[in-house]
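Undergrad: What follows is entry.csv, CSV, C-alpha atoms and all ligand atoms.
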chain,number,residue,atom,x,y,z
R,1,MET,CA,43.4,-12.6,103.4
R,2,VAL,CA,42.6,-11.4,107.0
R,3,ASN,CA,42.2,-7.7,107.6
R,4,ALA,CA,44.7,-7.1,110.3
R,5,LYS,CA,42.7,-4.4,111.9
R,6,GLU,CA,39.7,-6.7,112.4
R,7,LEU,CA,41.8,-8.7,114.8
R,8,LEU,CA,42.2,-5.7,117.1
R,9,THR,CA,40.0,-4.9,120.1
R,10,VAL,CA,38.1,-1.7,120.4
R,11,ALA,CA,37.6,-0.4,123.9
R,12,LYS,CA,34.1,0.4,125.1
R,13,SER,CA,33.6,4.1,124.8
R,14,LEU,CA,32.5,5.5,128.2
R,15,PRO,CA,30.3,8.6,128.5
R,16,VAL,CA,32.4,11.7,129.0
R,17,ASP,CA,32.5,12.6,132.7
R,18,PRO,CA,32.7,16.5,132.8
R,19,GLU,CA,34.6,16.7,136.0
R,20,LEU,CA,37.2,14.1,135.0
R,21,PHE,CA,37.6,15.7,131.5
R,22,ARG,CA,38.2,19.1,133.0
R,23,GLY,CA,40.9,17.5,135.2
R,24,LEU,CA,42.5,15.8,132.2
R,25,PHE,CA,42.5,19.0,130.3
R,26,ARG,CA,44.3,20.7,133.2
R,27,GLN,CA,46.9,18.0,133.2
R,28,ILE,CA,47.5,18.2,129.5
R,29,LEU,CA,48.1,21.9,129.8
R,30,GLU,CA,50.4,21.3,132.8
R,31,VAL,CA,52.5,19.0,130.8
R,32,ARG,CA,52.7,21.4,127.8
R,33,LEU,CA,53.6,24.4,129.9
R,34,PHE,CA,56.1,22.4,131.9
R,35,GLU,CA,57.8,21.2,128.8
R,36,GLU,CA,57.8,24.6,127.1
R,37,GLU,CA,59.6,25.9,130.2
R,38,THR,CA,62.1,23.0,130.2
R,39,ILE,CA,63.0,23.7,126.6
R,40,GLN,CA,63.8,27.3,127.4
R,41,LEU,CA,65.9,26.2,130.4
R,42,PHE,CA,67.7,23.7,128.3
R,43,HIS,CA,68.6,26.3,125.7
R,44,SER,CA,69.9,28.6,128.4
R,45,ALA,CA,72.0,25.8,129.9
R,46,LYS,CA,70.0,25.8,133.2
R,47,ILE,CA,68.9,22.2,132.5
R,48,ILE,CA,71.9,20.0,132.1
R,49,GLY,CA,72.3,16.6,130.3
R,50,TYR,CA,69.6,15.2,128.1
R,51,LEU,CA,66.0,16.5,127.6
R,52,HIS,CA,63.3,14.6,125.7
R,53,PRO,CA,60.1,16.7,125.8
R,54,SER,CA,56.7,15.1,125.8
R,55,ILE,CA,55.2,17.6,123.5
R,56,GLY,CA,52.8,15.7,121.2
R,57,ASN,CA,52.3,12.9,123.8
R,58,GLU,CA,50.5,14.9,126.4
R,59,ALA,CA,47.1,13.3,125.8
R,60,ALA,CA,48.5,9.8,125.6
R,61,GLU,CA,50.4,10.1,128.9
R,62,VAL,CA,47.6,11.9,130.8
R,63,GLY,CA,44.8,9.6,129.5
R,64,ALA,CA,46.8,6.4,130.3
R,65,THR,CA,47.6,7.6,133.8
R,66,ALA,CA,43.9,8.4,134.4
R,67,GLY,CA,42.9,4.9,133.3
R,68,LEU,CA,44.9,3.4,136.2
R,69,ALA,CA,44.1,3.1,139.9
R,70,LYS,CA,46.2,5.2,142.3
R,71,ALA,CA,48.2,2.1,143.6
R,72,ASP,CA,49.1,1.0,140.1
R,73,ILE,CA,52.6,1.6,138.9
R,74,ILE,CA,54.0,3.1,135.7
R,75,PHE,CA,57.2,2.6,133.9
R,76,PRO,CA,57.7,5.8,131.9
R,77,THR,CA,59.8,6.2,128.8
R,78,HIS,CA,62.8,8.5,128.3
R,79,ARG,CA,60.2,10.9,126.9
R,80,GLY,CA,57.9,10.6,129.8
R,81,HIS,CA,57.7,13.8,131.9
R,82,GLY,CA,54.0,13.8,131.2
R,83,PHE,CA,53.6,10.6,133.3
R,84,PHE,CA,55.3,12.3,136.3
R,85,VAL,CA,53.1,15.4,136.0
R,86,ALA,CA,49.9,13.4,135.5
R,87,ARG,CA,50.7,11.4,138.7
R,88,GLY,CA,51.0,14.7,140.6
R,89,ALA,CA,54.8,14.7,141.0
R,90,SER,CA,56.2,18.0,142.4
R,91,PHE,CA,57.0,20.6,139.8
R,92,GLU,CA,59.8,21.8,142.1
R,93,LYS,CA,61.5,18.4,142.5
R,94,LEU,CA,61.1,17.7,138.8
R,95,MET,CA,62.7,21.0,137.8
R,96,ALA,CA,65.4,20.6,140.4
R,97,GLU,CA,66.3,17.2,139.1
R,98,LEU,CA,66.5,18.3,135.5
R,99,MET,CA,68.8,21.1,136.7
R,100,GLY,CA,71.0,18.6,138.5
R,101,LYS,CA,70.2,20.0,141.9
R,102,GLU,CA,70.5,18.1,145.2
R,103,ALA,CA,66.8,18.8,146.0
R,104,GLY,CA,65.6,16.9,142.9
R,105,TYR,CA,63.9,13.5,142.9
R,106,CYS,CA,67.2,11.7,142.6
R,107,LYS,CA,69.4,14.3,144.2
R,108,GLY,CA,70.3,15.7,140.8
R,109,ARG,CA,72.1,12.5,139.8
R,110,SER,CA,69.6,11.2,137.2
R,111,GLY,CA,68.3,14.2,135.3
R,112,ASP,CA,65.9,13.4,132.4
R,113,LEU,CA,67.2,10.0,131.6
R,114,HIS,CA,67.1,8.1,134.9
R,115,MET,CA,64.4,9.9,136.9
R,116,VAL,CA,62.3,7.9,139.4
R,117,ALA,CA,59.5,9.0,141.7
R,118,PRO,CA,58.3,6.0,143.8
R,119,GLU,CA,56.2,8.3,146.0
R,120,VAL,CA,53.9,8.8,143.1
R,121,GLY,CA,54.2,5.2,141.7
R,122,ILE,CA,56.7,6.0,138.9
R,123,MET,CA,59.5,3.6,138.3
R,124,GLN,CA,62.8,4.5,136.9
R,125,VAL,CA,63.2,5.8,133.4
R,126,GLN,CA,65.6,3.6,131.5
R,127,GLY,CA,68.3,4.9,129.2
R,128,ILE,CA,68.5,1.5,127.4
R,129,LEU,CA,65.5,1.4,125.2
R,130,GLY,CA,63.2,-1.5,125.9
R,131,SER,CA,64.8,-2.6,129.2
R,132,GLN,CA,61.6,-1.5,131.1
R,133,LEU,CA,59.6,-4.3,129.4
R,134,PRO,CA,61.2,-7.2,131.3
R,135,GLN,CA,61.2,-5.1,134.5
R,136,ALA,CA,57.4,-4.6,134.1
R,137,VAL,CA,57.1,-8.4,133.8
R,138,GLY,CA,59.0,-8.5,137.1
R,139,THR,CA,56.6,-6.1,138.9
R,140,GLY,CA,53.7,-8.0,137.3
R,141,VAL,CA,55.0,-11.3,138.9
R,142,ALA,CA,55.4,-9.5,142.2
R,143,HIS,CA,51.9,-8.1,142.2
R,144,GLN,CA,50.5,-11.4,141.1
R,145,CYS,CA,52.3,-13.2,144.0
R,146,GLN,CA,51.2,-10.6,146.5
R,147,LYS,CA,47.6,-10.8,145.2
R,148,ASN,CA,47.4,-7.0,145.8
R,149,GLY,CA,45.3,-6.1,142.7
R,150,ARG,CA,48.0,-3.7,141.4
R,151,VAL,CA,48.6,-3.3,137.7
R,152,THR,CA,51.7,-2.2,136.0
R,153,LEU,CA,51.6,0.1,133.0
R,154,CYS,CA,54.7,-0.2,130.9
R,155,ALA,CA,55.2,2.6,128.4
R,156,PHE,CA,57.7,2.4,125.5
R,157,GLY,CA,58.2,4.0,122.1
R,158,ASP,CA,57.8,2.6,118.6
R,159,GLY,CA,61.6,2.4,118.4
R,160,ALA,CA,61.8,0.4,121.7
R,161,ALA,CA,59.2,-2.0,120.3
R,162,GLY,CA,61.8,-3.3,117.9
R,163,ASN,CA,63.9,-4.6,120.7
R,164,GLY,CA,64.1,-8.3,121.5
R,165,THR,CA,62.8,-7.6,125.0
R,166,PHE,CA,59.4,-6.8,123.5
R,167,HIS,CA,58.9,-10.4,122.4
R,168,GLU,CA,60.3,-12.0,125.5
R,169,SER,CA,58.2,-9.8,127.8
R,170,LEU,CA,54.9,-10.1,126.0
R,171,ASN,CA,55.3,-13.8,125.7
R,172,LEU,CA,56.0,-14.4,129.4
R,173,ALA,CA,53.4,-11.9,130.5
R,174,SER,CA,50.8,-13.7,128.5
R,175,ILE,CA,51.8,-17.2,129.6
R,176,TRP,CA,51.7,-16.2,133.2
R,177,LYS,CA,48.6,-14.0,132.8
R,178,LEU,CA,50.3,-11.0,134.4
R,179,PRO,CA,48.6,-7.8,135.4
R,180,VAL,CA,50.5,-5.6,132.9
R,181,VAL,CA,49.4,-3.1,130.3
R,182,PHE,CA,52.0,-2.7,127.6
R,183,PHE,CA,51.6,0.9,126.2
R,184,CYS,CA,53.5,1.7,123.0
R,185,VAL,CA,53.5,5.4,122.2
R,186,ASN,CA,54.1,5.6,118.5
R,187,ASN,CA,55.1,9.2,117.7
R,188,GLY,CA,56.2,8.2,114.2
R,189,TRP,CA,59.9,8.4,114.8
R,190,ALA,CA,62.7,6.7,116.7
R,191,ALA,CA,65.2,9.6,116.7
R,192,SER,CA,65.7,10.0,112.9
R,193,PHE,CA,64.3,6.7,111.8
R,194,PRO,CA,60.6,6.6,110.7
R,195,PHE,CA,58.1,4.1,112.1
R,196,THR,CA,57.2,2.9,108.5
R,197,LYS,CA,60.8,1.8,108.0
R,198,SER,CA,61.4,0.2,111.3
R,199,THR,CA,58.2,-1.8,111.7
R,200,SER,CA,56.8,-4.5,109.4
R,201,ALA,CA,53.3,-4.4,110.9
R,202,ALA,CA,50.9,-1.5,110.2
R,203,THR,CA,50.6,-1.1,114.0
R,204,ASN,CA,52.4,-2.9,116.8
R,205,ALA,CA,49.0,-3.5,118.3
R,206,ILE,CA,48.5,-6.3,115.8
R,207,ARG,CA,51.4,-8.2,117.3
R,208,ALA,CA,49.2,-8.8,120.4
R,209,VAL,CA,47.5,-11.5,118.4
R,210,GLY,CA,50.7,-13.5,118.3
R,211,TYR,CA,50.9,-13.4,122.1
R,212,SER,CA,47.2,-14.3,122.7
R,213,MET,CA,46.3,-11.0,124.3
R,214,PRO,CA,44.0,-8.1,123.2
R,215,GLY,CA,45.6,-5.5,121.0
R,216,TYR,CA,44.3,-2.0,120.7
R,217,ASP,CA,45.3,0.7,118.2
R,218,VAL,CA,44.1,4.2,119.5
R,219,ASP,CA,44.4,7.8,118.6
R,220,GLY,CA,47.0,9.0,121.2
R,221,THR,CA,45.9,12.6,120.7
R,222,ASP,CA,42.4,11.9,122.0
R,223,VAL,CA,42.7,11.8,125.8
R,224,TRP,CA,39.3,10.3,126.4
R,225,GLN,CA,39.9,7.4,123.9
R,226,VAL,CA,43.2,6.6,125.6
R,227,TYR,CA,41.6,6.8,129.0
R,228,CYS,CA,38.8,4.4,128.1
R,229,THR,CA,41.2,2.0,126.5
R,230,VAL,CA,43.7,1.9,129.4
R,231,LYS,CA,41.0,1.6,131.9
R,232,GLU,CA,39.5,-1.4,130.1
R,233,ALA,CA,42.9,-3.1,129.8
R,234,ALA,CA,43.8,-2.3,133.5
R,235,GLU,CA,40.5,-3.6,134.8
R,236,ARG,CA,40.9,-6.8,132.8
R,237,ALA,CA,44.4,-7.2,134.2
R,238,ARG,CA,43.2,-6.5,137.7
R,239,ALA,CA,40.5,-9.2,137.4
R,240,GLY,CA,43.1,-11.8,136.4
R,241,GLY,CA,42.5,-11.6,132.7
R,242,GLY,CA,46.2,-11.0,131.9
R,243,PRO,CA,48.0,-8.4,129.8
R,244,SER,CA,47.1,-6.2,126.9
R,245,LEU,CA,49.0,-4.3,124.2
R,246,ILE,CA,48.0,-0.8,123.3
R,247,GLN,CA,49.5,1.4,120.6
R,248,ALA,CA,48.7,5.1,121.1
R,249,ASN,CA,49.5,7.0,117.9
R,250,THR,CA,50.8,10.5,118.2
R,251,VAL,CA,52.9,12.9,116.1
R,252,ARG,CA,56.3,14.0,117.4
R,253,TRP,CA,56.5,17.8,117.7
R,254,ARG,CA,59.9,18.7,116.3
R,255,GLY,CA,63.2,17.0,116.8
R,256,HIS,CA,64.2,14.0,119.0
R,257,ASP,CA,65.5,16.6,121.5
R,258,PRO,CA,65.7,20.4,121.6
R,259,SER,CA,69.1,20.4,119.8
R,260,ASP,CA,67.8,18.3,116.9
R,261,THR,CA,66.4,20.5,114.1
R,262,ALA,CA,65.0,17.4,112.4
R,263,PRO,CA,66.2,18.0,108.8
R,264,TYR,CA,65.2,14.4,108.0
R,265,ARG,CA,61.5,15.1,108.5
R,266,PRO,CA,59.3,16.0,105.6
R,267,LYS,CA,58.5,19.7,105.7
R,268,GLU,CA,54.7,19.1,105.4
R,269,GLU,CA,54.7,16.8,108.4
R,270,LEU,CA,56.2,19.6,110.5
R,271,GLU,CA,54.0,22.3,109.0
R,272,THR,CA,50.8,20.3,109.7
R,273,TRP,CA,51.7,19.4,113.2
R,274,ASP,CA,49.0,21.6,114.7
R,275,LEU,CA,46.4,19.2,113.4
R,276,HIS,CA,47.8,16.6,115.8
R,277,ASP,CA,48.5,19.0,118.7
R,278,PRO,CA,46.9,17.3,121.8
R,279,VAL,CA,46.4,20.7,123.5
R,280,ARG,CA,44.5,22.1,120.5
R,281,ILE,CA,42.4,18.9,120.2
R,282,ALA,CA,41.5,18.7,123.9
R,283,ARG,CA,40.8,22.4,124.0
R,284,LYS,CA,38.3,22.1,121.1
R,285,GLN,CA,36.7,19.0,122.7
R,286,ALA,CA,36.3,21.0,126.0
R,287,LEU,CA,34.8,24.0,124.2
R,288,ASP,CA,32.5,21.9,121.9
R,289,ARG,CA,31.2,19.9,124.9
R,290,LYS,CA,30.8,23.2,126.8
R,291,LEU,CA,32.9,21.9,129.7
R,292,LEU,CA,35.1,24.9,129.7
R,293,SER,CA,34.9,28.5,128.3
R,294,GLU,CA,37.7,30.4,126.6
R,295,ALA,CA,38.0,32.5,129.9
R,296,ASP,CA,38.3,29.3,132.0
R,297,ILE,CA,41.1,28.1,129.8
R,298,GLU,CA,43.0,31.4,130.0
R,299,LYS,CA,42.6,31.4,133.8
R,300,LEU,CA,43.9,27.9,134.0
R,301,LYS,CA,46.9,28.8,131.8
R,302,GLY,CA,47.7,31.7,134.1
R,303,GLU,CA,47.4,29.5,137.3
R,304,ILE,CA,49.6,26.7,135.9
R,305,GLY,CA,52.1,29.2,134.4
R,306,LYS,CA,52.5,30.8,137.8
R,307,LYS,CA,53.1,27.4,139.5
R,308,ILE,CA,55.7,26.5,137.0
R,309,ALA,CA,57.5,29.8,137.3
R,310,GLN,CA,57.6,29.3,141.0
R,311,ALA,CA,59.1,25.8,140.5
R,312,VAL,CA,61.7,27.2,138.2
R,313,GLU,CA,62.7,29.9,140.6
R,314,TRP,CA,62.9,27.4,143.5
R,315,GLY,CA,64.9,25.0,141.4
R,316,LEU,CA,67.4,27.7,140.4
R,317,ALA,CA,67.9,28.6,144.0
R,318,GLN,CA,68.8,25.0,145.1
R,319,ALA,CA,72.3,23.8,145.6
R,320,LEU,CA,74.2,21.5,143.3
R,321,PRO,CA,75.5,18.3,144.9
R,322,ALA,CA,78.8,18.6,146.7
R,323,ARG,CA,81.6,17.6,144.4
R,324,ALA,CA,83.0,15.1,147.0
R,325,ASP,CA,79.6,13.2,147.3
R,326,TYR,CA,78.8,13.1,143.6
R,327,LEU,CA,80.2,9.8,142.7
R,328,ALA,CA,79.4,8.2,146.1
R,329,GLU,CA,75.7,8.4,145.2
R,330,VAL,CA,76.0,6.8,141.8
R,331,SER,CA,78.7,4.2,141.9
R,332,GLY,CA,78.8,0.9,143.7
R,333,LYS,CA,80.8,-2.3,143.9
R,334,PHE,CA,80.1,-4.9,141.3
R,401,LIG,C1,69.0,-0.2,123.2
R,401,LIG,C2,69.1,1.3,122.8
R,401,LIG,N1,69.3,1.5,121.4
R,401,LIG,C3,69.5,2.8,121.0
R,401,LIG,C4,69.4,3.8,121.9
R,401,LIG,C5,69.6,5.3,121.4
R,401,LIG,N2,68.3,6.0,121.4
R,401,LIG,C6,67.9,6.7,122.4
R,401,LIG,S1,66.3,7.3,122.2
R,401,LIG,C7,66.2,6.6,120.7
R,401,LIG,C8,65.0,6.7,119.8
R,401,LIG,C9,63.8,6.1,120.6
R,401,LIG,O1,62.7,6.0,119.8
R,401,LIG,P1,61.3,5.6,120.4
R,401,LIG,O2,61.5,4.3,121.2
R,401,LIG,O3,60.3,5.5,119.3
R,401,LIG,O4,61.0,6.7,121.5
R,401,LIG,P2,60.8,8.3,121.2
R,401,LIG,O5,62.2,8.9,121.4
R,401,LIG,O6,60.3,8.5,119.8
R,401,LIG,O7,59.8,8.8,122.2
R,401,LIG,C10,67.4,5.9,120.4
R,401,LIG,C11,67.6,5.1,119.1
R,401,LIG,C12,69.2,3.5,123.3
R,401,LIG,N3,69.1,4.5,124.2
R,401,LIG,N4,69.0,2.2,123.7
Can the structure from this file be put into structure tokens for me?
Ligand SMILES: Cc1ncc(C[n+]2csc(CCOP(=O)(O)OP(=O)(O)O)c2C)c(N)n1
TA:
Amino acid sequence: MVNAKELLTVAKSLPVDPELFRGLFRQILEVRLFEEETIQLFHSAKIIGYLHPSIGNEAAEVGATAGLAKADIIFPTHRGHGFFVARGASFEKLMAELMGKEAGYCKGRSGDLHMVAPEVGIMQVQGILGSQLPQAVGTGVAHQCQKNGRVTLCAFGDGAAGNGTFHESLNLASIWKLPVVFFCVNNGWAASFPFTKSTSAATNAIRAVGYSMPGYDVDGTDVWQVYCTVKEAAERARAGGGPSLIQANTVRWRGHDPSDTAPYRPKEELETWDLHDPVRIARKQALDRKLLSEADIEKLKGEIGKKIAQAVEWGLAQALPARADYLAEVSGKF
């Protein structure tokens, strides 16, 4: 009997670069503080439509983004604000979009579920789970034809991995040796359905073996581990070595969205969430490695909090789209 885990690849662990780690910590904090604010705004009905906060996935999103080159592109998930923040998207335009304002990334027409920010290399969030996988095959083909050395990182959840597009996309990407990194963020749940009941394999990473590509199973709360793994996979893809599949394991914070009280989750899982809190983990790593002091962290929090508060104020002051133009921007002839 083969031990499935032995079939997986382990990324080379790079020595921690102090400057880079401090930057990653800052981004993790940015994502967290941004999301805490969006939840407040959602509860006070200033954010309209859906909201899927990235809390719990901060290190996975920040580490993955850091492992790419600037010209590489990212397909985020519906729970993917962290990718936008890590790519340096404007807090103002993000907030305005979530508030449905004309000044947002998509003129207030997309909100949380269809946001796109091509200026920072972020492709559109897809409301249909798993539909980003074949799209990533498409950008992979384009980049391969253009010989431009660009890599696509395609993020998706453990729920989305159960979609048929997963098989079709990984199979084609492997046959054509496309420069794509498939990045599954397994936060343990697909809405109210647990990973253990939806997935026959212990980790999706093992499925990579069936598509003749490297599969990595990593701790998605460890930003440096995620960074090293994505960097290795992206560099292989860029050098013509084809795709990889990474599963980054995280623990979802609370409900699927802020209005879900998650009564289906075991109490102890919610009570021990702190042990998997990416901010707490990265903070400890930064302090233990003497990369930051408590005072540095407090100062950072203050700076980021101020920037986010300004973005909220700016977003609230922006205009809603004119009623007459609203549909003109989102409907077309088919
Ligand atoms: C094809 C499809 N099926 C179902 C849904 C409804 N739905 C939206 S989010 C979600 C759970 C997604 O779970 P996962 O992919 O693990 O991502 P997570 O929300 O946990 O980050 C479901 C079932 C959908 N949007 N698209």
Undergrad: Neighbourhood query: residues within 12 Å of (69.1, 16.9, 145.4), file coordinates, counting only C-alpha atoms; return as a ChimeraX atom specification.
TA: /R:92-111,115,315,317-322,325-326,329
Undergrad: Store the residues picked out above in a file with C-alpha atoms, as a compact mmCIF listing (two decimals), keeping the file's coordinate frame.
TA:
# COMPACT_ATOMS: atom_id res chain seq x y z
CA GLU R 92 59.80 21.80 142.10
CA LYS R 93 61.50 18.40 142.50
CA LEU R 94 61.10 17.70 138.80
CA MET R 95 62.70 21.00 137.80
CA ALA R 96 65.40 20.60 140.40
CA GLU R 97 66.30 17.20 139.10
CA LEU R 98 66.50 18.30 135.50
CA MET R 99 68.80 21.10 136.70
CA GLY R 100 71.00 18.60 138.50
CA LYS R 101 70.20 20.00 141.90
CA GLU R 102 70.50 18.10 145.20
CA ALA R 103 66.80 18.80 146.00
CA GLY R 104 65.60 16.90 142.90
CA TYR R 105 63.90 13.50 142.90
CA CYS R 106 67.20 11.70 142.60
CA LYS R 107 69.40 14.30 144.20
CA GLY R 108 70.30 15.70 140.80
CA ARG R 109 72.10 12.50 139.80
CA SER R 110 69.60 11.20 137.20
CA GLY R 111 68.30 14.20 135.30
CA MET R 115 64.40 9.90 136.90
CA GLY R 315 64.90 25.00 141.40
CA ALA R 317 67.90 28.60 144.00
CA GLN R 318 68.80 25.00 145.10
CA ALA R 319 72.30 23.80 145.60
CA LEU R 320 74.20 21.50 143.30
CA PRO R 321 75.50 18.30 144.90
CA ALA R 322 78.80 18.60 146.70
CA ASP R 325 79.60 13.20 147.30
CA TYR R 326 78.80 13.10 143.60
CA GLU R 329 75.70 8.40 145.20
Undergrad: Kindly work out which residues sit at most 8 Å from ligand LIG 401 (chain R), using only C-alpha atoms and all ligand atoms, and give the list as a list in words.
TA: His52, Ser54, Thr77, His78, Arg79, Gly127, Ile128, Leu129, Gly130, Ser131, Phe156, Gly157, Asp158, Gly159, Ala160, Ala161, Asn163, Val185, Asn186, Asn187, Gly188, Trp189, Ala190, Ala191, Ser192, Phe195, Arg252 and His256 of chain R
Undergrad: Determine the nearest neighbour of Thr139 (chain R) from the options R:Phe166, R:Phe42, R:Phe75, R:Phe183, counting all atoms listed in the file.
TA: R:Phe75
Undergrad: Using only C-alpha atoms, pick whichever of R:Asp112, R:Gly164, R:Glu6, R:Leu172 has the shortest atom-to-atom distance to Val137 (chain R).
TA: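 Distance minimum relative to Val137 (chain R) lands on R:Leu172.
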Undergrad: What is the CA of Leu291 (chain R)-CA of Pro278 (chain R) distance in Å, reported with one decimal?
TA: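 Atom-to-atom, CA of Leu291 (chain R) and CA of Pro278 (chain R) are spaced 16.7 Å apart.
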Undergrad: Let me make sure I understand: among R:Cys228, R:Arg280, R:Gly162, R:Asp288, which one has the smallest atom-to-atom distance to Ser198 (chain R) if we use only C-alpha atoms?
TA: R:Gly162
Undergrad: Point out the residue among R:Val125, R:Val251, R:Ala205, R:Ala86 with the least atom-to-atom distance to Arg32 (chain R), counting only C-alpha atoms.
TA: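 For Arg32 (chain R), the nearest of the given residues is R:Ala86.
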Undergrad: In Å to one decimal, how far is CA of Arg150 (chain R) from CA of Asp72 (chain R)?
TA: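 Computing the Euclidean distance for CA of Asp72 (chain R) and CA of Arg150 (chain R) yields 5.0 Å.
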Undergrad: Please report the interatomic distance between CA of Leu8 (chain R) and CA of Asp217 (chain R) in Å with one decimal.
TA: 7.2 Å
Undergrad: Could you name the residues that touch Leu153 (chain R) at 6 Å or less, counting all atoms listed in the file, but leaving out those on the same chain fewer than 4 positions away, as a PyMOL selection string?
TA: chain R and resi 74+180-181
Undergrad: Compile the contact shell of region 82-85 of chain R as JSON, numbers by chain: residues with an atom at most 8 Å away, counting only C-alpha atoms, same-chain residues fewer than 4 positions apart removed.
TA: {"R": [27, 30, 31, 54, 57, 58, 61, 62, 65, 74, 76, 89, 90, 91, 117, 120, 122]}
Undergrad: Go ahead and write the residues just picked, C-alpha atoms, as a short mmCIF file (atom, residue, chain, number, x, y, z; two decimals), in the frame of the given file.
TA:
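Full text of selection.cif as output:
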data_model
loop_
_atom_site.label_atom_id
_atom_site.label_comp_id
_atom_site.auth_asym_id
_atom_site.auth_seq_id
_atom_site.Cartn_x
_atom_site.Cartn_y
_atom_site.Cartn_z
CA GLN R 27 46.90 18.00 133.20
CA GLU R 30 50.40 21.30 132.80
CA VAL R 31 52.50 19.00 130.80
CA SER R 54 56.70 15.10 125.80
CA ASN R 57 52.30 12.90 123.80
CA GLU R 58 50.50 14.90 126.40
CA GLU R 61 50.40 10.10 128.90
CA VAL R 62 47.60 11.90 130.80
CA THR R 65 47.60 7.60 133.80
CA ILE R 74 54.00 3.10 135.70
CA PRO R 76 57.70 5.80 131.90
CA ALA R 89 54.80 14.70 141.00
CA SER R 90 56.20 18.00 142.40
CA PHE R 91 57.00 20.60 139.80
CA ALA R 117 59.50 9.00 141.70
CA VAL R 120 53.90 8.80 143.10
CA ILE R 122 56.70 6.00 138.90
#
Undergrad: May I have the residues at most 9 Å from (48.9, -11.3, 133.8) in the file's coordinates, counting all atoms listed in the file, as a list in words?
TA: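 Checked against the point, the hits come out as Val137, Gly140, Val141, Gln144, Val151, Leu172, Ala173, Ser174, Ile175, Trp176, Lys177, Leu178, Pro179, Val180, Val181, Ala237, Arg238, Gly240, Gly241, Gly242, Pro243 and Ser244 of chain R.
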Undergrad: Got time to write the residues from that selection, C-alpha atoms, as a short mmCIF file (atom, residue, chain, number, x, y, z; two decimals), in the frame of the given file?
TA:
data_model
loop_
_atom_site.label_atom_id
_atom_site.label_comp_id
_atom_site.auth_asym_id
_atom_site.auth_seq_id
_atom_site.Cartn_x
_atom_site.Cartn_y
_atom_site.Cartn_z
CA VAL R 137 57.10 -8.40 133.80
CA GLY R 140 53.70 -8.00 137.30
CA VAL R 141 55.00 -11.30 138.90
CA GLN R 144 50.50 -11.40 141.10
CA VAL R 151 48.60 -3.30 137.70
CA LEU R 172 56.00 -14.40 129.40
CA ALA R 173 53.40 -11.90 130.50
CA SER R 174 50.80 -13.70 128.50
CA ILE R 175 51.80 -17.20 129.60
CA TRP R 176 51.70 -16.20 133.20
CA LYS R 177 48.60 -14.00 132.80
CA LEU R 178 50.30 -11.00 134.40
CA PRO R 179 48.60 -7.80 135.40
CA VAL R 180 50.50 -5.60 132.90
CA VAL R 181 49.40 -3.10 130.30
CA ALA R 237 44.40 -7.20 134.20
CA ARG R 238 43.20 -6.50 137.70
CA GLY R 240 43.10 -11.80 136.40
CA GLY R 241 42.50 -11.60 132.70
CA GLY R 242 46.20 -11.00 131.90
CA PRO R 243 48.00 -8.40 129.80
CA SER R 244 47.10 -6.20 126.90
#
Undergrad: Closest to Phe193 (chain R) among R:Tyr211, R:Arg265, R:Ile281, R:Ser259, using only C-alpha atoms?
TA: R:Arg265
Undergrad: Under the rule that only C-alpha atoms are counted, which of R:Val10, R:Ala4, R:Val279, R:Leu29 is the nearest residue to Lys299 (chain R)?
TA: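 Residue with the minimum atom-to-atom distance to Lys299 (chain R): R:Leu29.
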Undergrad: Find the spatial neighbours of Trp224 (chain R), counting all atoms listed in the file, within a cut-off of 8 Å - ignore same-chain residues fewer than 4 positions away - and output them as a ChimeraX atom specification.
TA: /R:16,21,63,228
